[in-house]
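File shown here: final39.txt, holding compact mmCIF, C-alpha atoms.
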# COMPACT_ATOMS: atom_id res chain seq x y z
CA MET A 447 7.90 5.60 -14.78
CA LYS A 448 8.29 1.82 -14.94
CA ARG A 449 5.30 -0.51 -14.64
CA ILE A 450 4.96 -4.10 -13.50
CA ILE A 451 2.37 -6.06 -15.45
CA GLY A 452 0.07 -3.09 -15.64
CA PHE A 453 0.74 -1.70 -12.16
CA CYS A 454 3.06 1.05 -11.07
CA PHE A 455 4.47 0.39 -7.61
CA CYS A 456 5.38 4.05 -7.19
CA ALA A 457 3.84 7.53 -7.40
CA LEU A 458 1.56 6.96 -4.43
CA LEU A 459 0.00 9.47 -2.09
CA ALA A 460 -0.28 10.38 1.64
CA VAL A 461 -1.53 12.94 4.22
CA SER A 462 -0.05 14.99 7.05
CA SER A 463 -1.64 17.12 9.75
CA ALA A 464 -3.24 20.55 9.72
CA SER A 465 -4.83 22.50 12.57
CA LEU A 466 -8.09 24.24 11.75
CA ALA A 467 -11.50 24.99 13.29
CA GLN A 468 -13.27 22.67 15.71
CA THR A 469 -16.15 20.49 14.56
CA THR A 470 -18.44 17.85 16.03
CA ALA A 471 -18.55 15.85 12.77
CA SER A 472 -16.37 12.75 12.37
CA PRO A 473 -14.25 11.89 9.33
CA ALA A 474 -15.05 8.19 9.74
CA GLY A 475 -16.55 6.92 6.49
CA HIS A 476 -15.94 6.22 2.80
CA TRP A 477 -14.73 9.22 0.80
CA GLU A 478 -14.46 9.72 -2.96
CA GLY A 479 -12.85 12.61 -4.79
CA SER A 480 -9.80 13.72 -6.70
CA ILE A 481 -6.53 15.59 -6.71
CA ALA A 482 -6.21 18.35 -9.30
CA VAL A 483 -2.98 17.25 -10.96
CA PRO A 484 -1.90 19.07 -14.16
CA SER A 485 -4.15 18.29 -17.16
CA MET A 486 -6.33 15.80 -15.24
CA GLU A 487 -8.19 14.89 -12.07
CA LEU A 488 -6.60 11.93 -10.26
CA LYS A 489 -9.44 9.99 -8.64
CA VAL A 490 -8.93 8.64 -5.12
CA LEU A 491 -11.14 6.62 -2.75
CA ILE A 492 -10.39 6.74 0.95
CA ASP A 493 -11.77 4.82 3.94
CA LEU A 494 -11.28 6.09 7.51
CA ALA A 495 -12.46 4.32 10.65
CA LEU A 496 -11.77 3.72 14.34
CA ASP A 497 -10.72 0.20 15.32
CA SER A 498 -11.91 -1.62 18.44
CA GLY A 499 -9.21 0.12 20.46
CA GLY A 500 -10.22 3.61 19.33
CA LYS A 501 -7.26 4.01 16.98
CA TRP A 502 -7.69 5.50 13.50
CA ILE A 503 -7.13 3.10 10.60
CA GLY A 504 -7.63 3.62 6.88
CA ASP A 505 -6.71 2.84 3.30
CA ILE A 506 -6.77 4.43 -0.16
CA ASP A 507 -7.59 3.29 -3.70
CA ILE A 508 -6.05 4.98 -6.76
CA PRO A 509 -7.90 3.40 -9.72
CA ALA A 510 -5.70 4.98 -12.41
CA GLN A 511 -2.65 3.30 -10.88
CA ARG A 512 -4.44 0.03 -10.03
CA VAL A 513 -3.80 0.61 -6.34
CA THR A 514 -6.35 -1.04 -4.03
CA ASP A 515 -6.65 -0.70 -0.24
CA MET A 516 -3.20 0.81 0.29
CA PRO A 517 -2.89 1.21 4.09
CA LEU A 518 -2.69 4.71 5.51
CA LYS A 519 -0.43 5.73 8.38
CA GLY A 520 -0.13 8.71 10.68
CA ILE A 521 -3.87 9.35 10.68
CA SER A 522 -4.74 12.20 13.03
CA VAL A 523 -7.94 14.12 13.70
CA SER A 524 -7.93 17.38 15.65
CA GLY A 525 -11.11 19.42 15.46
CA SER A 526 -11.77 19.85 11.75
CA ALA A 527 -8.17 19.01 10.79
CA VAL A 528 -7.77 15.58 9.19
CA ALA A 529 -4.30 14.19 8.42
CA PHE A 530 -3.03 10.89 7.00
CA GLU A 531 -0.20 9.40 4.93
CA LEU A 532 0.38 6.43 2.67
CA LYS A 533 2.77 3.78 3.90
CA ILE A 534 4.73 4.04 0.64
CA GLY A 535 5.33 6.73 -1.95
CA PRO A 536 8.31 8.88 -3.06
CA GLY A 537 8.66 12.57 -2.27
CA GLU A 538 6.87 12.42 1.09
CA PRO A 539 3.35 12.77 -0.38
CA LYS A 540 0.91 14.29 2.12
CA PHE A 541 -2.70 15.43 2.40
CA ASN A 542 -3.64 18.30 4.71
CA GLY A 543 -7.41 18.59 4.88
CA LYS A 544 -10.30 20.29 6.63
CA LEU A 545 -13.59 18.57 7.40
CA SER A 546 -16.61 20.72 6.59
CA GLU A 547 -18.99 21.68 9.41
CA ASP A 548 -21.70 19.34 8.08
CA GLY A 549 -19.18 16.49 7.77
CA THR A 550 -19.83 15.89 4.07
CA THR A 551 -16.54 17.03 2.54
CA ILE A 552 -12.82 17.11 3.23
CA SER A 553 -10.77 19.58 1.22
CA GLY A 554 -7.24 20.91 1.37
CA ASP A 555 -3.82 20.54 -0.19
CA PHE A 556 -1.89 17.53 -1.37
CA THR A 557 1.88 17.99 -1.30
CA GLN A 558 4.64 15.84 -2.78
CA ALA A 559 8.30 16.56 -3.50
CA GLY A 560 7.78 20.28 -2.87
CA ASN A 561 4.68 20.57 -5.07
CA SER A 562 1.20 21.46 -3.77
CA LEU A 563 -2.14 20.61 -5.41
CA PRO A 564 -5.74 21.02 -4.19
CA PHE A 565 -7.91 18.02 -3.40
CA THR A 566 -11.57 17.51 -2.51
CA LEU A 567 -13.31 14.45 -1.06
CA LYS A 568 -17.01 13.79 -0.59
CA ARG A 569 -18.51 11.35 1.91
CA THR A 570 -20.41 8.60 0.07
CA GLY A 571 -21.04 5.93 2.72
CA GLU A 572 -19.67 3.84 5.55
CA ALA A 573 -15.99 2.93 5.78
CA LYS A 574 -14.84 -0.50 4.69
CA VAL A 575 -11.19 -0.64 5.69
CA PHE A 576 -9.36 -3.74 4.45
CA VAL A 577 -7.78 -5.71 7.31
CA ALA A 578 -5.46 -8.56 6.33
CA SER A 579 -6.16 -11.95 7.90
CA LYS A 580 -3.68 -13.61 10.26
CA ASN A 581 -1.33 -16.09 8.60
CA PRO A 582 0.23 -19.29 10.02
CA GLU A 583 3.87 -18.85 11.04
CA LEU A 584 6.49 -19.42 8.36
CA PRO A 585 8.91 -22.36 8.59
CA ALA A 586 12.36 -21.09 9.55
CA GLY A 587 13.84 -21.72 6.10
CA TYR A 588 11.58 -19.11 4.50
CA VAL A 589 12.27 -16.33 6.99
CA GLY A 590 14.69 -13.68 5.78
CA LYS A 591 15.51 -11.27 2.98
CA TRP A 592 15.01 -12.52 -0.60
CA GLU A 593 16.24 -10.66 -3.70
CA GLY A 594 15.32 -11.03 -7.37
CA THR A 595 14.75 -9.22 -10.67
CA LEU A 596 11.67 -9.14 -12.89
CA GLU A 597 12.36 -8.86 -16.63
CA THR A 598 9.43 -6.71 -17.81
CA MET A 599 8.70 -5.07 -21.17
CA GLY A 600 9.51 -1.75 -19.53
CA GLY A 601 12.86 -2.94 -18.22
CA LYS A 602 14.29 -4.69 -15.20
CA LEU A 603 12.71 -4.31 -11.77
CA ARG A 604 14.76 -5.28 -8.74
CA LEU A 605 12.57 -6.61 -5.93
CA VAL A 606 13.35 -7.44 -2.31
CA PHE A 607 10.99 -9.62 -0.27
CA HIS A 608 11.22 -9.32 3.51
CA LEU A 609 9.62 -12.36 5.16
CA ALA A 610 9.30 -12.77 8.93
CA ASN A 611 7.18 -14.10 11.78
CA LYS A 612 5.59 -11.38 13.86
CA GLU A 613 3.37 -11.90 16.89
CA GLY A 614 2.65 -15.50 15.92
CA SER A 615 1.84 -14.73 12.27
CA ALA A 616 3.75 -14.75 8.99
CA ASP A 617 4.34 -11.17 7.88
CA GLY A 618 6.23 -9.38 5.15
CA THR A 619 6.82 -6.50 2.75
CA ILE A 620 8.23 -5.98 -0.75
CA ASP A 621 10.61 -3.24 -1.90
CA SER A 622 10.61 -2.25 -5.58
CA LEU A 623 14.04 -0.62 -5.68
CA ASP A 624 13.92 0.82 -9.19
CA GLN A 625 10.58 2.49 -8.54
CA GLY A 626 11.45 3.83 -5.08
CA ALA A 627 8.50 1.98 -3.54
CA MET A 628 9.50 0.54 -0.19
CA GLY A 629 7.50 -1.51 2.29
CA ILE A 630 4.67 -2.71 0.02
CA PRO A 631 2.60 -4.83 2.43
CA ILE A 632 2.18 -8.57 1.91
CA ASP A 633 -1.24 -9.79 3.05
CA GLU A 634 -1.33 -13.56 2.72
CA ILE A 635 1.56 -16.00 3.09
CA SER A 636 1.26 -19.78 3.09
CA VAL A 637 3.63 -22.72 2.65
CA THR A 638 2.52 -26.11 1.31
CA ASN A 639 4.77 -29.02 0.28
CA GLY A 640 7.85 -26.84 -0.05
CA SER A 641 6.15 -24.09 -2.04
CA ILE A 642 5.31 -20.62 -0.81
CA ARG A 643 2.41 -18.48 -1.99
CA ILE A 644 2.42 -14.74 -1.36
CA SER A 645 -0.54 -12.44 -2.02
CA VAL A 646 -0.15 -8.66 -2.30
CA HIS A 647 -3.67 -7.27 -2.12
CA VAL A 648 -2.79 -3.64 -2.76
CA VAL A 649 -1.44 -4.37 -6.27
CA ALA A 650 -3.63 -7.43 -6.96
CA GLY A 651 -0.46 -9.47 -7.40
CA SER A 652 0.87 -12.80 -6.16
CA TYR A 653 4.02 -14.89 -6.12
CA THR A 654 4.40 -18.68 -6.00
CA GLY A 655 7.85 -20.19 -5.55
CA LYS A 656 9.49 -23.52 -4.80
CA LEU A 657 12.28 -23.65 -2.20
CA SER A 658 15.50 -25.30 -3.36
CA GLU A 659 16.96 -28.23 -1.45
CA ASP A 660 19.78 -26.08 -0.09
CA GLY A 661 17.28 -23.39 1.03
CA LYS A 662 19.06 -20.64 -0.90
CA THR A 663 16.62 -19.91 -3.74
CA LEU A 664 12.91 -19.67 -4.49
CA THR A 665 12.04 -20.41 -8.12
CA GLY A 666 8.60 -19.37 -9.29
CA GLU A 667 6.36 -16.81 -10.96
CA TRP A 668 4.95 -13.36 -10.26
CA SER A 669 1.32 -12.97 -11.41
CA GLN A 670 -0.51 -9.69 -11.92
CA GLY A 671 -3.06 -8.18 -14.27
CA GLY A 672 -3.74 -11.48 -16.02
CA GLY A 673 -0.07 -12.11 -16.85
CA THR A 674 2.84 -13.97 -15.28
CA LEU A 675 6.60 -13.51 -15.31
CA PRO A 676 9.32 -15.83 -14.01
CA LEU A 677 10.95 -14.66 -10.79
CA VAL A 678 13.82 -16.32 -8.98
CA LEU A 679 14.56 -15.06 -5.48
CA THR A 680 17.92 -15.59 -3.77
CA LYS A 681 18.24 -15.51 0.00
CA ALA A 682 20.52 -12.70 1.16
CA THR A 683 23.32 -13.68 3.50
CA THR A 684 23.10 -10.47 5.57
How would this structure read if it were set down as structure tokens?
Amino acid sequence: MKRIIGFCFCALLAVSSASLAQTTASPAGHWEGSIAVPSMELKVLIDLALDSGGKWIGDIDIPAQRVTDMPLKGISVSGSAVAFELKIGPGEPKFNGKLSEDGTTISGDFTQAGNSLPFTLKRTGEAKVFVASKNPELPAGYVGKWEGTLETMGGKLRLVFHLANKEGSADGTIDSLDQGAMGIPIDEISVTNGSIRISVHVVAGSYTGKLSEDGKTLTGEWSQGGGTLPLVLTKATT
């Protein structure tokens, strides 16, 4: 498994649905527990909540992999069945859980790439789901698909930045092709004096780059875990 300045973009988790007994308890809250992977317990922290429109939102922390506030998708609650997935992660990782009658635990099976492992979560407080702030729109020259390669101690990592304007706000994702991690969410994007700054909250990383005069390259640095590496991004033509 390759790592990028102390963080592994891949090997993330998720959850899918299960139908079990009815319950009046709600899974909204902050949950802490672990997945019983071979030879160790992989600690996870999960926040589940309802937004102002009554839609389930959530995120997950995986301390051992330096993953923070990774957004969840496909969250569903039906009776005591609780289901959710990570936005990224190889092998279709999924959690299928059951909320206890007293609402204090969620337990079930975690599956990934055909493997199944038990997990248990305990409620420890109120949910604090990370919600990214709205960014100013990007100038047209920065919108598009940008490709580059990080030269790390563990080898080369090909990265693709997708930058766009969506609903009046700059938005984007990063693909780490060699780690099979696609759609890593970008949280903050700003442009000042021809330089762009990108913040990726989930991996505690950031990128700062200067746009060339011809608008074809961004030359800058990727920072993460107290270190920096040079990263040149080239704008894709398609």
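Look at Ser546 (chain A): the protein and nucleic acid residues within 9 Å of it, using only C-alpha atoms and passing over chain neighbours fewer than 4 places away, are Thr469, Ala471, Ser526, Thr550, Thr551, Ile552 and Ser553 of chain A.
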Kindly export the residues of the current selection with C-alpha atoms, as a PDB file, in the frame of the given file.
ATOM      1  CA  THR A 469     -16.150  20.490  14.560  1.00  0.00           C
ATOM      2  CA  ALA A 471     -18.550  15.850  12.770  1.00  0.00           C
ATOM      3  CA  SER A 526     -11.770  19.850  11.750  1.00  0.00           C
ATOM      4  CA  THR A 550     -19.830  15.890   4.070  1.00  0.00           C
ATOM      5  CA  THR A 551     -16.540  17.030   2.540  1.00  0.00           C
ATOM      6  CA  ILE A 552     -12.820  17.110   3.230  1.00  0.00           C
ATOM      7  CA  SER A 553     -10.770  19.580   1.220  1.00  0.00           C
TER       8      SER A 553
END
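Nearest residue to Ala527 (chain A), choosing from A:Thr598, A:Ser472, A:Gln558, A:Gln625 and counting only C-alpha atoms: A:Ser472.
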List the neighbours of Phe556 (chain A) out to 7 Å using all atoms listed in the file; skip same-chain residues closer than 6 positions along the sequence, and give me the result as a ChimeraX atom specification.
-> /A:540-542,562-565
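When CA of Ala559 (chain A) is paired with CA of Gly479 (chain A), their separation reads 21.6 Å.
Proximity ranking of A:Gly560, A:Ser498, A:Gly520, A:Leu584 relative to Pro539 (chain A) places A:Gly560 first, based on all atoms listed in the file.
Between Gly554 (chain A) and the candidates A:Thr566, A:Ser658, A:Ser485, A:Ser645, the tightest atom-to-atom separation, counting all atoms listed in the file, involves A:Thr566.
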